[in-house]
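Contents: one structure, followed by commentary.
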Amino acid sequence: MIRTRFAPSPTGYLHIGGARTALFSWAYARKHGGQFVLRIEDTDRERSTQASVQAILDGLTWLGIDWDEGPFYQMERLDRYKTVADQLLAEGKAYYCYASKEELDALRESQRARGKKPRYDGRWRPETNKILPEPPAGVIPVIRFKTPRAGAVTFNDLIKGPITVANSELDDLVIMRGDGVPTYNFGVVIDDWDMGISHVIRGDDHVNNTPRQVNILNALGAPVPVYGHVPMILGHDGERLSKRHGAVSVLQYQEDGYLPEALMNYLARLGWGHGDAEKFSKDEFIEWFNLEGVSHAPGRFNQEKLAWLNQQYLKEADNGRLAELALPFLAKQGIDTAGGPALADLMALLKERTATVEELADAAHIFYRHNLAAVEDLQARLEPAALPAFEQLQAELNTVVWEADVLNRLFKDTAKAFGLKMGQIGVPLRLVLFGTAHTPSLDATLVALGRAETLRRFATAWPHALAALQTRGG
């Protein structure tokens, strides 16, 4: 059975790069009827927090990435790592190293000064005919893996192709710290082995770790997973992705009014493709996904394209669902929807013109809060010649059938009767009733607002409009 995993470190939020890695790993398991395991690599005790763990779980759940097993926590498995480390020590495949941090810093500085690659020199590595010094008193040693000196590690990366690294390029890495906590390269190996992970799909910043991990697996006689390293994500300008490019928490996109299916679709398309398909469902993504389709080049995050894709999903979304999503935004903005139009009805009217749920909520303000238009806007758009038309229009609105096509005809007939253009009627009327010149089609907007509220607003705001006109000298 194919088993993949996502193993984040809870030292911060779930970011875009991590979410895409999780998505690809999850989709590969789902595609092949396998299992997806969630593991929390929380051995960085200074930086790991429960808040970060929760943010990761919430981010995955919001995106729709479910897991079959876990979450497993490395700090709950310390006894297991110690057991394996002791086995390697007993078999002569690992050894205690008593070198202090100061010694190692001096070693690296000396190597750099001589133009050499900084690396551990094996000073505590047991060798035939080598006499080791007495362990210094009071020093708690680390455990280092005894990397083979000869040969090479070759693995076939499912994305990058065959990769070979000579063992002479690798030094003896620390696998257990003095406090009994495993290093990344050791913990991940034992976890993947114990959890039966068959395919490791992760970011290509881990390519250099893979030969080390393969050597440890070989020393343990454990099966070696198949690896696939996904290229990193860059900003639209080709620079390393940062907050200014949109590299924020996945949950920040939820707070900003993006739909999870839109973000999932965008992340799937960021560095992977299926022909020319830009928009596809979760089920289609699983059906089409393969690692052969993953680009060898870094993906480029484009906020505008994400917003466009989110807009397409908004247009198709259920209006009741959008109303539920928009309600918290309105509440946060101090907008009370009680007594106003049904929010779901407004979603149908507004979603064609917005890119996020937050924008939907902003656009709905005009139906629940009547703001008087700016005097300068009224002076610029309301013409003295149109006043008789508005007087007749106000009277007609009391009796006309309250349907969009009827209202549309009323506006056109009124404009024609007074020798006006539609803009001379529609724009000032929007300013009077909504305080803005920008709304969806006027007839549909008034139907949503309702006759009673339309007339109330007209009566309230018309004197303000006339006063603005008189101020202009009209």
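A note on labels: chains of the structure tokens are A, B, ... as shown, every chain counts residues from 1, and ligands are counted from 1 in their shown order.
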Give me the residues of region 302-385 of chain A that have any atom at most 8 Å from an atom of region 408-426 of chain A; for each, the nearest atom pair and the distance in Å, rounded to one decimal. Use only C-alpha atoms, sort by chain and number, and format it as CSV.
residue,atom,partner,partner_atom,distance
A:Arg381,CA,A:Gln424,CA,7.3
A:Leu382,CA,A:Gln424,CA,7.2
A:Glu383,CA,A:Gln424,CA,7.5
Save the residues we just selected, N, CA and C atoms, as a compact mmCIF listing (two decimals), in the first residue's frame?
# COMPACT_ATOMS: atom_id res chain seq x y z
N ARG A 381 -23.18 65.15 -10.30
CA ARG A 381 -23.98 64.19 -11.09
C ARG A 381 -25.47 64.53 -11.16
N LEU A 382 -25.97 65.33 -10.24
CA LEU A 382 -27.40 65.68 -10.27
C LEU A 382 -27.59 67.02 -10.98
N GLU A 383 -28.38 66.99 -12.05
CA GLU A 383 -28.56 68.18 -12.87
C GLU A 383 -29.90 68.84 -12.59
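Note that DSSP on the backbone gives helix (DSSP H, G or I) to these residues of region 222-263 of chain A: Lys243, Arg244, His245, Val250, Leu251, Gln252, Tyr253, Gln254, Glu255, Pro260, Glu261, Ala262 and Leu263 of chain A.
Counting only C-alpha atoms, the residue from A:Glu359, A:Glu292, A:Asp443, A:Asp121 that sits nearest to Tyr28 (chain A) is A:Glu292.
Shortest atom-to-atom contact with Thr439 (chain A) among A:Ala94, A:Ala363, A:Ala277, A:Leu314: A:Ala363, counting only C-alpha atoms.
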Check: Quick one: residues within 7 Å of Ile65 (chain A), only C-alpha atoms counted, chain neighbours fewer than 2 positions away excluded, as a PyMOL selection string?
Finding: chain A and resi 23+26+60-61+63+67
Counting only C-alpha atoms, what are the residues of region 268-316 of chain A within 12 Å of region 199-220 of chain A, and for each of them which pair of atoms is the nearest and at what distance in Å, to one decimal? Sort the table by chain and rising number, as JSON lines.
{"residue": "A:Gly271", "atom": "CA", "partner": "A:Gly203", "partner_atom": "CA", "distance": 11.9}
{"residue": "A:Asn290", "atom": "CA", "partner": "A:Ile201", "partner_atom": "CA", "distance": 11.7}
{"residue": "A:Leu291", "atom": "CA", "partner": "A:Ile201", "partner_atom": "CA", "distance": 9.3}
{"residue": "A:Val294", "atom": "CA", "partner": "A:Ile201", "partner_atom": "CA", "distance": 11.4}
{"residue": "A:His296", "atom": "CA", "partner": "A:Asp204", "partner_atom": "CA", "distance": 10.1}
{"residue": "A:Ala297", "atom": "CA", "partner": "A:Asp204", "partner_atom": "CA", "distance": 10.8}
{"residue": "A:Pro298", "atom": "CA", "partner": "A:Asp204", "partner_atom": "CA", "distance": 9.8}
{"residue": "A:Gly299", "atom": "CA", "partner": "A:Gly203", "partner_atom": "CA", "distance": 12.0}
Would you mind exporting N, CA and C atoms of the selected residues as a compact mmCIF listing (two decimals), in the first residue's frame?
# COMPACT_ATOMS: atom_id res chain seq x y z
N GLY A 271 2.86 24.83 -10.00
CA GLY A 271 3.96 23.88 -10.16
C GLY A 271 3.54 22.52 -10.64
N ASN A 290 -0.39 13.44 -10.80
CA ASN A 290 0.77 12.54 -10.92
C ASN A 290 2.03 13.38 -10.74
N LEU A 291 3.06 12.74 -10.27
CA LEU A 291 4.30 13.48 -10.02
C LEU A 291 5.04 13.82 -11.30
N VAL A 294 4.62 17.41 -12.23
CA VAL A 294 5.19 18.46 -11.40
C VAL A 294 6.37 19.10 -12.13
N HIS A 296 9.82 20.99 -12.98
CA HIS A 296 11.17 20.98 -12.39
C HIS A 296 11.60 22.38 -11.95
N ALA A 297 10.87 23.38 -12.42
CA ALA A 297 11.22 24.77 -12.10
C ALA A 297 10.35 25.25 -10.94
N PRO A 298 10.84 26.21 -10.16
CA PRO A 298 10.04 26.75 -9.06
C PRO A 298 8.75 27.38 -9.56
N GLY A 299 7.68 27.23 -8.78
CA GLY A 299 6.43 27.90 -9.10
C GLY A 299 6.49 29.36 -8.69
Margin query: Applying 6 Å and only C-alpha atoms, which residues near Gly59 (chain A) remain after dropping the ones on its own chain fewer than 4 positions away? List them as JSON, numbers by chain.
Written below: {"A": [55, 250, 251]}
Notebook entry, point to check: Leaving out Gly151 (chain A) and any residue of its chain fewer than 6 positions from it, which residues lie within 12 Å of it when counting only C-alpha atoms, given as number ranges by chain?
Noted result: A: 164-170, 211, 215
Write a file of the just-selected residues containing all heavy atoms, as a compact mmCIF listing (two decimals), in the first residue's frame.
# COMPACT_ATOMS: atom_id res chain seq x y z
N THR A 164 22.92 11.10 -7.49
CA THR A 164 24.01 10.35 -6.85
C THR A 164 24.89 11.31 -6.06
O THR A 164 25.26 12.37 -6.56
CB THR A 164 24.86 9.62 -7.90
OG1 THR A 164 24.05 8.65 -8.58
CG2 THR A 164 26.03 8.89 -7.24
N VAL A 165 25.20 10.92 -4.82
CA VAL A 165 26.08 11.71 -3.96
C VAL A 165 27.13 10.78 -3.38
O VAL A 165 26.80 9.74 -2.80
CB VAL A 165 25.28 12.39 -2.83
CG1 VAL A 165 26.22 13.15 -1.89
CG2 VAL A 165 24.24 13.34 -3.40
N ALA A 166 28.38 11.14 -3.54
CA ALA A 166 29.48 10.33 -2.99
C ALA A 166 29.48 10.44 -1.47
O ALA A 166 29.30 11.53 -0.91
CB ALA A 166 30.81 10.80 -3.56
N ASN A 167 29.71 9.32 -0.80
CA ASN A 167 29.77 9.34 0.65
C ASN A 167 30.90 10.21 1.17
O ASN A 167 30.85 10.72 2.29
CB ASN A 167 29.92 7.91 1.20
CG ASN A 167 28.61 7.15 1.17
OD1 ASN A 167 27.54 7.73 1.42
ND2 ASN A 167 28.67 5.87 0.86
N SER A 168 31.93 10.38 0.36
CA SER A 168 33.05 11.24 0.77
C SER A 168 32.61 12.69 0.94
O SER A 168 33.33 13.49 1.56
CB SER A 168 34.18 11.14 -0.26
OG SER A 168 33.73 11.55 -1.54
N GLU A 169 31.45 13.05 0.38
CA GLU A 169 30.93 14.39 0.52
C GLU A 169 30.15 14.58 1.81
O GLU A 169 29.75 15.70 2.15
CB GLU A 169 30.01 14.73 -0.67
CG GLU A 169 30.73 14.83 -2.01
CD GLU A 169 31.70 16.00 -2.03
OE1 GLU A 169 31.32 17.10 -1.58
OE2 GLU A 169 32.85 15.81 -2.46
N LEU A 170 29.90 13.48 2.51
CA LEU A 170 29.06 13.51 3.71
C LEU A 170 29.93 13.30 4.95
O LEU A 170 30.80 12.43 4.96
CB LEU A 170 27.99 12.43 3.65
CG LEU A 170 27.14 12.39 2.37
CD1 LEU A 170 26.22 11.17 2.38
CD2 LEU A 170 26.31 13.67 2.24
N PRO A 211 20.48 11.69 0.97
CA PRO A 211 21.56 10.70 1.03
C PRO A 211 21.90 10.29 2.46
O PRO A 211 22.18 9.11 2.73
CB PRO A 211 22.74 11.41 0.35
CG PRO A 211 22.12 12.45 -0.51
CD PRO A 211 20.89 12.90 0.21
N ASN A 215 21.49 6.43 3.95
CA ASN A 215 22.58 5.71 4.63
C ASN A 215 22.13 5.15 5.98
O ASN A 215 22.47 4.02 6.35
CB ASN A 215 23.78 6.63 4.83
CG ASN A 215 24.71 6.65 3.63
OD1 ASN A 215 24.82 5.67 2.89
ND2 ASN A 215 25.41 7.75 3.44
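Between CA of Tyr98 (chain A) and CA of Gly122 (chain A) the interatomic distance comes to 11.1 Å.
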Next item on the list: Would you mind telling me which residue in A:Trp462, A:Tyr368, A:Trp62, A:Phe6 lies nearest to Thr337 (chain A) when using only C-alpha atoms?
Entry: A:Tyr368
Check: Residues at most 12 Å from region 14-16 of chain A, counting only C-alpha atoms, excluding those fewer than 2 positions away in the same chain, as a ChimeraX atom specification?
Finding: /A:6-12,18-23,40,51-63,203,232-235,241-243,245-253,263-264,266-268,270,299-303
Checklist line | Of the listed residues A:Val400, A:Ala317, A:Leu469, A:Val84, that which approaches Pro260 (chain A) most closely, counting only C-alpha atoms | finding: A:Ala317
Notebook entry, point to check: So how far away is CA of Asp68 (chain A) from CA of Tyr81 (chain A), in Å?
Noted result: 23.5 Å
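Residues within 6 Å of region 141-150 of chain A, counting only C-alpha atoms and excluding same-chain residues fewer than 3 positions away, are Lys93, Ala94, Tyr95, Tyr96, Cys97, Tyr98, Asn167, Ser168, Asp172, Leu173, Val174, Ile175, Met176, Arg177 and Gly178 of chain A.
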Output the selection as a short mmCIF file (atom, residue, chain, number, x, y, z; two decimals), in the first residue's frame - C-alpha atoms for each residue.
data_model
loop_
_atom_site.label_atom_id
_atom_site.label_comp_id
_atom_site.auth_asym_id
_atom_site.auth_seq_id
_atom_site.Cartn_x
_atom_site.Cartn_y
_atom_site.Cartn_z
CA LYS A 93 27.43 2.04 13.24
CA ALA A 94 27.32 5.05 15.54
CA TYR A 95 29.56 6.48 18.23
CA TYR A 96 29.73 9.00 21.04
CA CYS A 97 31.27 12.37 20.23
CA TYR A 98 32.54 14.60 23.05
CA ASN A 167 29.77 9.34 0.65
CA SER A 168 33.05 11.24 0.77
CA ASP A 172 29.29 11.96 10.38
CA LEU A 173 26.06 13.68 11.30
CA VAL A 174 24.74 13.95 14.83
CA ILE A 175 21.70 11.70 15.27
CA MET A 176 21.03 12.18 18.99
CA ARG A 177 21.69 15.30 21.01
CA GLY A 178 23.01 15.18 24.53
#
